[in-house]
file query_0.cif (mmCIF, N, CA and C atoms)
data_my_file
loop_
_atom_site.label_atom_id
_atom_site.label_comp_id
_atom_site.auth_asym_id
_atom_site.auth_seq_id
_atom_site.Cartn_x
_atom_site.Cartn_y
_atom_site.Cartn_z
N MET W 129 -38.04 14.58 4.45
CA MET W 129 -37.66 13.20 4.22
C MET W 129 -36.99 13.11 2.85
N PRO W 130 -35.81 12.51 2.74
CA PRO W 130 -35.11 12.45 1.46
C PRO W 130 -35.80 11.52 0.47
N VAL W 131 -35.42 11.67 -0.80
CA VAL W 131 -35.95 10.81 -1.85
C VAL W 131 -35.21 9.48 -1.82
N VAL W 132 -35.99 8.41 -1.84
CA VAL W 132 -35.46 7.05 -1.81
C VAL W 132 -35.72 6.41 -3.17
N ILE W 133 -34.74 5.65 -3.67
CA ILE W 133 -34.93 4.91 -4.90
C ILE W 133 -34.84 3.42 -4.58
N VAL W 134 -35.72 2.65 -5.19
CA VAL W 134 -35.71 1.20 -5.01
C VAL W 134 -35.74 0.58 -6.41
N GLN W 135 -34.93 -0.46 -6.59
CA GLN W 135 -34.81 -1.10 -7.89
C GLN W 135 -34.90 -2.61 -7.76
N ALA W 136 -35.55 -3.24 -8.73
CA ALA W 136 -35.50 -4.69 -8.88
C ALA W 136 -34.46 -4.95 -9.96
N LEU W 137 -33.44 -5.73 -9.64
CA LEU W 137 -32.32 -5.97 -10.54
C LEU W 137 -32.14 -7.45 -10.80
N CYS W 138 -31.83 -7.79 -12.06
CA CYS W 138 -31.46 -9.17 -12.35
C CYS W 138 -30.01 -9.37 -11.92
N PRO W 139 -29.49 -10.61 -11.95
CA PRO W 139 -28.10 -10.83 -11.55
C PRO W 139 -27.08 -10.03 -12.37
N SER W 140 -27.43 -9.68 -13.61
CA SER W 140 -26.53 -8.86 -14.45
C SER W 140 -26.70 -7.37 -14.17
N ARG W 141 -27.56 -7.06 -13.21
CA ARG W 141 -27.84 -5.69 -12.76
C ARG W 141 -28.63 -4.88 -13.78
N HIS W 142 -29.38 -5.56 -14.66
CA HIS W 142 -30.33 -4.85 -15.51
C HIS W 142 -31.51 -4.49 -14.62
N CYS W 143 -31.99 -3.28 -14.73
CA CYS W 143 -33.11 -2.84 -13.91
C CYS W 143 -34.42 -3.31 -14.51
N ILE W 144 -35.14 -4.11 -13.77
CA ILE W 144 -36.45 -4.60 -14.20
C ILE W 144 -37.50 -3.51 -14.03
N LEU W 145 -37.50 -2.92 -12.85
CA LEU W 145 -38.45 -1.87 -12.52
C LEU W 145 -37.86 -1.10 -11.35
N ALA W 146 -38.11 0.19 -11.32
CA ALA W 146 -37.60 1.02 -10.23
C ALA W 146 -38.66 2.05 -9.86
N GLY W 147 -38.50 2.57 -8.69
CA GLY W 147 -39.38 3.63 -8.23
C GLY W 147 -38.63 4.56 -7.30
N ALA W 148 -39.07 5.77 -7.23
CA ALA W 148 -38.46 6.75 -6.34
C ALA W 148 -39.55 7.63 -5.76
N GLN W 149 -39.39 7.92 -4.50
CA GLN W 149 -40.29 8.87 -3.84
C GLN W 149 -39.75 9.17 -2.45
N GLU W 150 -40.32 10.16 -1.86
CA GLU W 150 -39.98 10.48 -0.48
C GLU W 150 -40.64 9.43 0.40
N GLY W 151 -39.90 8.83 1.30
CA GLY W 151 -40.50 7.81 2.15
C GLY W 151 -39.47 6.98 2.86
N GLU W 152 -39.96 5.94 3.49
CA GLU W 152 -39.11 5.02 4.26
C GLU W 152 -38.60 3.90 3.35
N PRO W 153 -37.31 3.61 3.36
CA PRO W 153 -36.74 2.59 2.48
C PRO W 153 -37.44 1.23 2.54
N LYS W 154 -37.68 0.70 3.71
CA LYS W 154 -38.30 -0.63 3.81
C LYS W 154 -39.71 -0.65 3.24
N GLU W 155 -40.44 0.42 3.47
CA GLU W 155 -41.80 0.51 2.94
C GLU W 155 -41.79 0.57 1.41
N LEU W 156 -40.86 1.33 0.85
CA LEU W 156 -40.78 1.45 -0.61
C LEU W 156 -40.33 0.13 -1.25
N GLU W 157 -39.44 -0.59 -0.60
CA GLU W 157 -39.03 -1.90 -1.12
C GLU W 157 -40.23 -2.84 -1.14
N TRP W 158 -40.99 -2.86 -0.06
CA TRP W 158 -42.18 -3.72 0.01
C TRP W 158 -43.16 -3.34 -1.10
N MET W 159 -43.33 -2.05 -1.33
CA MET W 159 -44.25 -1.61 -2.38
C MET W 159 -43.80 -2.08 -3.77
N LEU W 160 -42.50 -1.99 -4.04
CA LEU W 160 -42.01 -2.44 -5.35
C LEU W 160 -42.15 -3.95 -5.50
N ARG W 161 -41.79 -4.69 -4.47
CA ARG W 161 -41.95 -6.15 -4.53
C ARG W 161 -43.41 -6.53 -4.79
N THR W 162 -44.33 -5.88 -4.11
CA THR W 162 -45.75 -6.14 -4.29
C THR W 162 -46.19 -5.77 -5.69
N GLN W 163 -45.75 -4.63 -6.18
CA GLN W 163 -46.13 -4.19 -7.53
C GLN W 163 -45.62 -5.18 -8.58
N ILE W 164 -44.41 -5.66 -8.43
CA ILE W 164 -43.88 -6.63 -9.40
C ILE W 164 -44.69 -7.91 -9.38
N GLU W 165 -45.05 -8.40 -8.20
CA GLU W 165 -45.86 -9.63 -8.12
C GLU W 165 -47.20 -9.44 -8.84
N ILE W 166 -47.81 -8.29 -8.65
CA ILE W 166 -49.10 -8.00 -9.30
C ILE W 166 -48.91 -7.92 -10.81
N LEU W 167 -47.89 -7.20 -11.27
CA LEU W 167 -47.67 -7.04 -12.71
C LEU W 167 -47.35 -8.36 -13.39
N VAL W 168 -46.55 -9.20 -12.76
CA VAL W 168 -46.23 -10.51 -13.33
C VAL W 168 -47.49 -11.38 -13.38
N ALA W 169 -48.27 -11.37 -12.30
CA ALA W 169 -49.50 -12.18 -12.26
C ALA W 169 -50.48 -11.76 -13.35
N ARG W 170 -50.49 -10.49 -13.69
CA ARG W 170 -51.40 -9.97 -14.73
C ARG W 170 -50.77 -10.04 -16.13
N ASN W 171 -49.56 -10.59 -16.23
CA ASN W 171 -48.80 -10.63 -17.49
C ASN W 171 -48.54 -9.24 -18.05
N ALA W 172 -48.48 -8.25 -17.18
CA ALA W 172 -48.17 -6.89 -17.60
C ALA W 172 -46.67 -6.69 -17.78
N ILE W 173 -45.87 -7.47 -17.07
CA ILE W 173 -44.43 -7.53 -17.29
C ILE W 173 -44.02 -9.00 -17.31
N ASN W 174 -42.89 -9.26 -17.94
CA ASN W 174 -42.38 -10.63 -18.04
C ASN W 174 -41.83 -11.09 -16.69
N ALA W 175 -41.84 -12.39 -16.49
CA ALA W 175 -41.26 -12.98 -15.28
C ALA W 175 -39.80 -13.33 -15.53
N HIS W 176 -39.19 -12.60 -16.47
CA HIS W 176 -37.76 -12.74 -16.75
C HIS W 176 -37.23 -11.37 -17.16
N CYS W 177 -35.93 -11.20 -17.08
CA CYS W 177 -35.31 -9.96 -17.53
C CYS W 177 -35.44 -9.90 -19.05
N GLY W 178 -35.95 -8.81 -19.56
CA GLY W 178 -36.13 -8.66 -21.00
C GLY W 178 -34.83 -8.52 -21.75
N LEU W 179 -33.72 -8.23 -21.05
CA LEU W 179 -32.43 -8.08 -21.73
C LEU W 179 -31.60 -9.36 -21.72
N CYS W 180 -31.59 -10.08 -20.58
CA CYS W 180 -30.74 -11.27 -20.50
C CYS W 180 -31.50 -12.56 -20.21
N GLY W 181 -32.78 -12.45 -19.84
CA GLY W 181 -33.59 -13.63 -19.60
C GLY W 181 -33.55 -14.19 -18.20
N ALA W 182 -32.89 -13.53 -17.27
CA ALA W 182 -32.82 -14.03 -15.89
C ALA W 182 -34.23 -14.13 -15.30
N PRO W 183 -34.57 -15.29 -14.70
CA PRO W 183 -35.92 -15.46 -14.14
C PRO W 183 -36.14 -14.63 -12.88
N LYS W 184 -37.41 -14.33 -12.61
CA LYS W 184 -37.78 -13.49 -11.47
C LYS W 184 -37.21 -13.99 -10.14
N ARG W 185 -37.11 -15.30 -9.97
CA ARG W 185 -36.61 -15.84 -8.70
C ARG W 185 -35.16 -15.41 -8.41
N THR W 186 -34.44 -14.93 -9.44
CA THR W 186 -33.05 -14.52 -9.25
C THR W 186 -32.90 -13.01 -9.04
N TRP W 187 -33.99 -12.28 -9.16
CA TRP W 187 -33.91 -10.83 -9.02
C TRP W 187 -33.67 -10.44 -7.57
N THR W 188 -32.97 -9.35 -7.39
CA THR W 188 -32.74 -8.79 -6.06
C THR W 188 -33.31 -7.37 -6.02
N TYR W 189 -33.45 -6.86 -4.83
CA TYR W 189 -34.01 -5.52 -4.64
C TYR W 189 -32.98 -4.69 -3.88
N GLU W 190 -32.73 -3.50 -4.40
CA GLU W 190 -31.81 -2.58 -3.75
C GLU W 190 -32.52 -1.27 -3.46
N VAL W 191 -32.23 -0.74 -2.30
CA VAL W 191 -32.84 0.52 -1.87
C VAL W 191 -31.71 1.47 -1.50
N GLY W 192 -31.84 2.70 -1.93
CA GLY W 192 -30.83 3.69 -1.57
C GLY W 192 -31.47 5.04 -1.34
N VAL W 193 -30.82 5.82 -0.53
CA VAL W 193 -31.26 7.18 -0.26
C VAL W 193 -30.48 8.09 -1.20
N THR W 194 -31.19 8.91 -1.96
CA THR W 194 -30.54 9.81 -2.91
C THR W 194 -30.05 11.07 -2.22
N LYS W 195 -29.38 11.90 -2.99
CA LYS W 195 -28.91 13.19 -2.48
C LYS W 195 -30.01 14.25 -2.51
N PHE W 196 -31.17 13.88 -3.07
CA PHE W 196 -32.25 14.85 -3.25
C PHE W 196 -33.17 14.91 -2.03
N ALA W 197 -33.58 16.11 -1.71
CA ALA W 197 -34.45 16.32 -0.54
C ALA W 197 -35.92 16.17 -0.91
N THR W 198 -36.27 16.44 -2.17
CA THR W 198 -37.67 16.37 -2.60
C THR W 198 -37.76 15.72 -3.98
N MET W 199 -38.94 15.21 -4.31
CA MET W 199 -39.15 14.64 -5.64
C MET W 199 -39.05 15.72 -6.70
N GLU W 200 -39.49 16.92 -6.40
CA GLU W 200 -39.38 18.02 -7.36
C GLU W 200 -37.92 18.24 -7.76
N GLU W 201 -37.04 18.17 -6.79
CA GLU W 201 -35.61 18.34 -7.06
C GLU W 201 -35.05 17.15 -7.82
N ALA W 202 -35.52 15.95 -7.54
CA ALA W 202 -34.99 14.72 -8.13
C ALA W 202 -35.51 14.44 -9.54
N LEU W 203 -36.69 14.95 -9.86
CA LEU W 203 -37.37 14.57 -11.10
C LEU W 203 -36.54 14.77 -12.38
N PRO W 204 -35.85 15.88 -12.58
CA PRO W 204 -35.07 16.01 -13.82
C PRO W 204 -34.01 14.90 -13.97
N GLU W 205 -33.34 14.57 -12.91
CA GLU W 205 -32.32 13.50 -12.97
C GLU W 205 -32.96 12.14 -13.20
N ILE W 206 -34.08 11.88 -12.54
CA ILE W 206 -34.79 10.61 -12.73
C ILE W 206 -35.25 10.48 -14.18
N GLN W 207 -35.78 11.54 -14.74
CA GLN W 207 -36.24 11.50 -16.13
C GLN W 207 -35.08 11.31 -17.10
N ARG W 208 -33.94 11.93 -16.82
CA ARG W 208 -32.76 11.76 -17.67
C ARG W 208 -32.29 10.31 -17.66
N LEU W 209 -32.20 9.72 -16.48
CA LEU W 209 -31.76 8.33 -16.36
C LEU W 209 -32.75 7.37 -17.01
N GLU W 210 -34.05 7.64 -16.85
CA GLU W 210 -35.07 6.81 -17.47
C GLU W 210 -34.94 6.84 -18.99
N ALA W 211 -34.72 8.02 -19.55
CA ALA W 211 -34.57 8.15 -21.00
C ALA W 211 -33.35 7.38 -21.50
N GLU W 212 -32.26 7.43 -20.75
CA GLU W 212 -31.05 6.67 -21.12
C GLU W 212 -31.33 5.17 -21.13
N GLN W 213 -32.02 4.69 -20.11
CA GLN W 213 -32.32 3.26 -20.02
C GLN W 213 -33.26 2.81 -21.12
N LEU W 214 -34.26 3.61 -21.45
CA LEU W 214 -35.18 3.26 -22.53
C LEU W 214 -34.46 3.22 -23.87
N ALA W 215 -33.54 4.15 -24.09
CA ALA W 215 -32.77 4.17 -25.34
C ALA W 215 -31.87 2.94 -25.44
N LEU W 216 -31.23 2.56 -24.34
CA LEU W 216 -30.38 1.37 -24.34
C LEU W 216 -31.20 0.12 -24.60
N ARG W 217 -32.33 0.01 -23.96
CA ARG W 217 -33.19 -1.16 -24.18
C ARG W 217 -33.62 -1.24 -25.64
N GLN W 218 -34.02 -0.10 -26.21
CA GLN W 218 -34.45 -0.11 -27.61
C GLN W 218 -33.29 -0.49 -28.54
N ALA W 219 -32.09 0.00 -28.26
CA ALA W 219 -30.92 -0.36 -29.07
C ALA W 219 -30.65 -1.85 -29.00
N MET W 220 -30.78 -2.44 -27.82
CA MET W 220 -30.57 -3.89 -27.68
C MET W 220 -31.65 -4.67 -28.40
N LEU W 221 -32.90 -4.21 -28.33
CA LEU W 221 -33.98 -4.87 -29.06
C LEU W 221 -33.74 -4.77 -30.57
N ASP W 222 -33.40 -3.58 -31.03
CA ASP W 222 -33.20 -3.35 -32.47
C ASP W 222 -32.05 -4.19 -33.02
N SER W 223 -31.02 -4.40 -32.21
CA SER W 223 -29.86 -5.16 -32.67
C SER W 223 -30.03 -6.67 -32.48
N GLY W 224 -31.14 -7.07 -31.84
CA GLY W 224 -31.38 -8.49 -31.61
C GLY W 224 -30.62 -9.07 -30.43
N ARG W 225 -29.97 -8.23 -29.64
CA ARG W 225 -29.17 -8.72 -28.51
C ARG W 225 -30.00 -8.92 -27.24
N ALA W 226 -31.19 -8.36 -27.18
CA ALA W 226 -32.02 -8.51 -25.98
C ALA W 226 -32.75 -9.85 -26.01
N TYR W 227 -32.93 -10.42 -24.85
CA TYR W 227 -33.64 -11.70 -24.71
C TYR W 227 -35.02 -11.63 -25.34
N ASP W 228 -35.74 -10.55 -25.10
CA ASP W 228 -37.08 -10.41 -25.67
C ASP W 228 -37.03 -10.35 -27.20
N ALA W 229 -36.03 -9.71 -27.77
CA ALA W 229 -35.91 -9.63 -29.22
C ALA W 229 -35.70 -11.03 -29.81
N GLN W 230 -34.93 -11.85 -29.13
CA GLN W 230 -34.66 -13.21 -29.60
C GLN W 230 -35.91 -14.08 -29.52
N ARG W 231 -36.84 -13.72 -28.66
CA ARG W 231 -38.08 -14.47 -28.49
C ARG W 231 -39.22 -13.84 -29.29
N GLY W 232 -38.92 -12.79 -30.06
CA GLY W 232 -39.95 -12.15 -30.87
C GLY W 232 -40.89 -11.26 -30.10
N LYS W 233 -40.44 -10.78 -28.93
CA LYS W 233 -41.31 -9.94 -28.09
C LYS W 233 -40.83 -8.50 -28.04
N GLY W 234 -39.95 -8.11 -28.90
CA GLY W 234 -39.38 -6.77 -28.84
C GLY W 234 -40.20 -5.74 -29.37
#
call {"tool": "encode", "arguments": {"input": "query_0.cif", "output": "structure tokens"}}
result
Amino acid sequence: MPVVIVQALCPSRHCILAGAQEGEPKELEWMLRTQIEILVARNAINAHCGLCGAPKRTWTYEVGVTKFATMEEALPEIQRLEAEQLALRQAMLDSGRAYDAQRGKG
């Protein structure tokens, strides 16, 4: 079974949260939607995009099948992309351009 990636995206296409694993696309989308609801309810993540402030009600979910056959094969690329996104988020927070930085939550 190929590796599937699912992302919650704000209208500006900032990734709120993503996950990847071997599995069925619809099941993984449901899992991410459920996880986001739980995390927001627990105040573990914001109910808005930390970069632009888009509210949760505007977020969309995208699911795609990757070129990878296994998570072992996909992991180096997933880790590389995650590191890039974390560095970009930190740069936006540091420069004051992120929504969270403007609200003092950076």
call {"tool": "resolve_selection", "arguments": {"input": "query_0.cif", "expression": "the PyMOL selection byres (((chain W and resi 141 and name CA) around 12) and name CA)", "output": "PyMOL selection string"}}
result
chain W and resi 135-140+142-145+177+179-182+186-190
call {"tool": "resolve_selection", "arguments": {"input": "query_0.cif", "expression": "the PyMOL selection byres (((chain W and resi 196 and name CA) around 12) and name CA)", "output": "JSON, numbers by chain"}}
result
{"W": [129, 130, 131, 132, 133, 148, 149, 150, 192, 193, 194, 195, 197, 198, 199, 200, 201, 202, 203, 204, 205, 206]}
call {"tool": "atom_distance", "arguments": {"input": "query_0.cif", "atom1": "CA of Gln213 in chain W", "atom2": "CA of Gly178 in chain W"}}
result
12.6 Å
call {"tool": "closest_residue", "arguments": {"input": "query_0.cif", "among": "W:Leu156, W:Leu214, W:Asp228, W:Leu221", "to": "Ile173 in chain W", "atoms": "only C-alpha atoms"}}
result
W:Asp228
call {"tool": "select_by_dssp", "arguments": {"input": "query_0.cif", "residues": "range 131-199 of chain W", "states": "strand (DSSP E or B)", "output": "PyMOL selection string"}}
result
chain W and resi 131-137+143-150+176+183+188-193
call {"tool": "write_last_selection", "arguments": {"input": "query_0.cif", "atoms": "N, CA and C atoms", "output": "short mmCIF file (atom, residue, chain, number, x, y, z; two decimals), in the coordinates of the input"}}
result
data_model
loop_
_atom_site.label_atom_id
_atom_site.label_comp_id
_atom_site.auth_asym_id
_atom_site.auth_seq_id
_atom_site.Cartn_x
_atom_site.Cartn_y
_atom_site.Cartn_z
N VAL W 131 -35.42 11.67 -0.80
CA VAL W 131 -35.95 10.81 -1.85
C VAL W 131 -35.21 9.48 -1.82
N VAL W 132 -35.99 8.41 -1.84
CA VAL W 132 -35.46 7.05 -1.81
C VAL W 132 -35.72 6.41 -3.17
N ILE W 133 -34.74 5.65 -3.67
CA ILE W 133 -34.93 4.91 -4.90
C ILE W 133 -34.84 3.42 -4.58
N VAL W 134 -35.72 2.65 -5.19
CA VAL W 134 -35.71 1.20 -5.01
C VAL W 134 -35.74 0.58 -6.41
N GLN W 135 -34.93 -0.46 -6.59
CA GLN W 135 -34.81 -1.10 -7.89
C GLN W 135 -34.90 -2.61 -7.76
N ALA W 136 -35.55 -3.24 -8.73
CA ALA W 136 -35.50 -4.69 -8.88
C ALA W 136 -34.46 -4.95 -9.96
N LEU W 137 -33.44 -5.73 -9.64
CA LEU W 137 -32.32 -5.97 -10.54
C LEU W 137 -32.14 -7.45 -10.80
N CYS W 143 -31.99 -3.28 -14.73
CA CYS W 143 -33.11 -2.84 -13.91
C CYS W 143 -34.42 -3.31 -14.51
N ILE W 144 -35.14 -4.11 -13.77
CA ILE W 144 -36.45 -4.60 -14.20
C ILE W 144 -37.50 -3.51 -14.03
N LEU W 145 -37.50 -2.92 -12.85
CA LEU W 145 -38.45 -1.87 -12.52
C LEU W 145 -37.86 -1.10 -11.35
N ALA W 146 -38.11 0.19 -11.32
CA ALA W 146 -37.60 1.02 -10.23
C ALA W 146 -38.66 2.05 -9.86
N GLY W 147 -38.50 2.57 -8.69
CA GLY W 147 -39.38 3.63 -8.23
C GLY W 147 -38.63 4.56 -7.30
N ALA W 148 -39.07 5.77 -7.23
CA ALA W 148 -38.46 6.75 -6.34
C ALA W 148 -39.55 7.63 -5.76
N GLN W 149 -39.39 7.92 -4.50
CA GLN W 149 -40.29 8.87 -3.84
C GLN W 149 -39.75 9.17 -2.45
N GLU W 150 -40.32 10.16 -1.86
CA GLU W 150 -39.98 10.48 -0.48
C GLU W 150 -40.64 9.43 0.40
N HIS W 176 -39.19 -12.60 -16.47
CA HIS W 176 -37.76 -12.74 -16.75
C HIS W 176 -37.23 -11.37 -17.16
N PRO W 183 -34.57 -15.29 -14.70
CA PRO W 183 -35.92 -15.46 -14.14
C PRO W 183 -36.14 -14.63 -12.88
N THR W 188 -32.97 -9.35 -7.39
CA THR W 188 -32.74 -8.79 -6.06
C THR W 188 -33.31 -7.37 -6.02
N TYR W 189 -33.45 -6.86 -4.83
CA TYR W 189 -34.01 -5.52 -4.64
C TYR W 189 -32.98 -4.69 -3.88
N GLU W 190 -32.73 -3.50 -4.40
CA GLU W 190 -31.81 -2.58 -3.75
C GLU W 190 -32.52 -1.27 -3.46
N VAL W 191 -32.23 -0.74 -2.30
CA VAL W 191 -32.84 0.52 -1.87
C VAL W 191 -31.71 1.47 -1.50
N GLY W 192 -31.84 2.70 -1.93
CA GLY W 192 -30.83 3.69 -1.57
C GLY W 192 -31.47 5.04 -1.34
N VAL W 193 -30.82 5.82 -0.53
CA VAL W 193 -31.26 7.18 -0.26
C VAL W 193 -30.48 8.09 -1.20
#
call {"tool": "closest_residue", "arguments": {"input": "query_0.cif", "among": "W:Val134, W:Ala219, W:Ala172, W:Ala211", "to": "Pro153 in chain W", "atoms": "only N, CA and C atoms"}}
result
W:Val134
call {"tool": "select_by_dssp", "arguments": {"input": "query_0.cif", "residues": "range 135-213 of chain W", "states": "helix (DSSP H, G or I)", "output": "number ranges by chain"}}
result
W: 153-169, 184-186, 199-213
call {"tool": "build_atoms", "arguments": {"input": "query_0.cif", "residues": "range 142-154 of chain W", "atoms": "N, CA, C and O atoms", "output": "PDB file, in the frame of the given file"}}
result
ATOM      1  N   HIS W 142     -29.380  -5.560 -14.660  1.00  0.00           N
ATOM      2  CA  HIS W 142     -30.330  -4.850 -15.510  1.00  0.00           C
ATOM      3  C   HIS W 142     -31.510  -4.490 -14.620  1.00  0.00           C
ATOM      4  O   HIS W 142     -31.983  -5.326 -13.855  1.00  0.00           O
ATOM      5  N   CYS W 143     -31.990  -3.280 -14.730  1.00  0.00           N
ATOM      6  CA  CYS W 143     -33.110  -2.840 -13.910  1.00  0.00           C
ATOM      7  C   CYS W 143     -34.420  -3.310 -14.510  1.00  0.00           C
ATOM      8  O   CYS W 143     -34.752  -2.952 -15.642  1.00  0.00           O
ATOM      9  N   ILE W 144     -35.140  -4.110 -13.770  1.00  0.00           N
ATOM     10  CA  ILE W 144     -36.450  -4.600 -14.200  1.00  0.00           C
ATOM     11  C   ILE W 144     -37.500  -3.510 -14.030  1.00  0.00           C
ATOM     12  O   ILE W 144     -38.278  -3.222 -14.918  1.00  0.00           O
ATOM     13  N   LEU W 145     -37.500  -2.920 -12.850  1.00  0.00           N
ATOM     14  CA  LEU W 145     -38.450  -1.870 -12.520  1.00  0.00           C
ATOM     15  C   LEU W 145     -37.860  -1.100 -11.350  1.00  0.00           C
ATOM     16  O   LEU W 145     -37.189  -1.679 -10.497  1.00  0.00           O
ATOM     17  N   ALA W 146     -38.110   0.190 -11.320  1.00  0.00           N
ATOM     18  CA  ALA W 146     -37.600   1.020 -10.230  1.00  0.00           C
ATOM     19  C   ALA W 146     -38.660   2.050  -9.860  1.00  0.00           C
ATOM     20  O   ALA W 146     -39.567   2.342 -10.637  1.00  0.00           O
ATOM     21  N   GLY W 147     -38.500   2.570  -8.690  1.00  0.00           N
ATOM     22  CA  GLY W 147     -39.380   3.630  -8.230  1.00  0.00           C
ATOM     23  C   GLY W 147     -38.630   4.560  -7.300  1.00  0.00           C
ATOM     24  O   GLY W 147     -37.644   4.160  -6.681  1.00  0.00           O
ATOM     25  N   ALA W 148     -39.070   5.770  -7.230  1.00  0.00           N
ATOM     26  CA  ALA W 148     -38.460   6.750  -6.340  1.00  0.00           C
ATOM     27  C   ALA W 148     -39.550   7.630  -5.760  1.00  0.00           C
ATOM     28  O   ALA W 148     -40.500   7.987  -6.444  1.00  0.00           O
ATOM     29  N   GLN W 149     -39.390   7.920  -4.500  1.00  0.00           N
ATOM     30  CA  GLN W 149     -40.290   8.870  -3.840  1.00  0.00           C
ATOM     31  C   GLN W 149     -39.750   9.170  -2.450  1.00  0.00           C
ATOM     32  O   GLN W 149     -38.839   8.520  -1.964  1.00  0.00           O
ATOM     33  N   GLU W 150     -40.320  10.160  -1.860  1.00  0.00           N
ATOM     34  CA  GLU W 150     -39.980  10.480  -0.480  1.00  0.00           C
ATOM     35  C   GLU W 150     -40.640   9.430   0.400  1.00  0.00           C
ATOM     36  O   GLU W 150     -41.827   9.132   0.215  1.00  0.00           O
ATOM     37  N   GLY W 151     -39.900   8.830   1.300  1.00  0.00           N
ATOM     38  CA  GLY W 151     -40.500   7.810   2.150  1.00  0.00           C
ATOM     39  C   GLY W 151     -39.470   6.980   2.860  1.00  0.00           C
ATOM     40  O   GLY W 151     -38.269   7.248   2.817  1.00  0.00           O
ATOM     41  N   GLU W 152     -39.960   5.940   3.490  1.00  0.00           N
ATOM     42  CA  GLU W 152     -39.110   5.020   4.260  1.00  0.00           C
ATOM     43  C   GLU W 152     -38.600   3.900   3.350  1.00  0.00           C
ATOM     44  O   GLU W 152     -39.397   3.288   2.632  1.00  0.00           O
ATOM     45  N   PRO W 153     -37.310   3.610   3.360  1.00  0.00           N
ATOM     46  CA  PRO W 153     -36.740   2.590   2.480  1.00  0.00           C
ATOM     47  C   PRO W 153     -37.440   1.230   2.540  1.00  0.00           C
ATOM     48  O   PRO W 153     -37.769   0.660   1.498  1.00  0.00           O
ATOM     49  N   LYS W 154     -37.680   0.700   3.710  1.00  0.00           N
ATOM     50  CA  LYS W 154     -38.300  -0.630   3.810  1.00  0.00           C
ATOM     51  C   LYS W 154     -39.710  -0.650   3.240  1.00  0.00           C
ATOM     52  O   LYS W 154     -40.123  -1.600   2.588  1.00  0.00           O
TER      53      LYS W 154
END
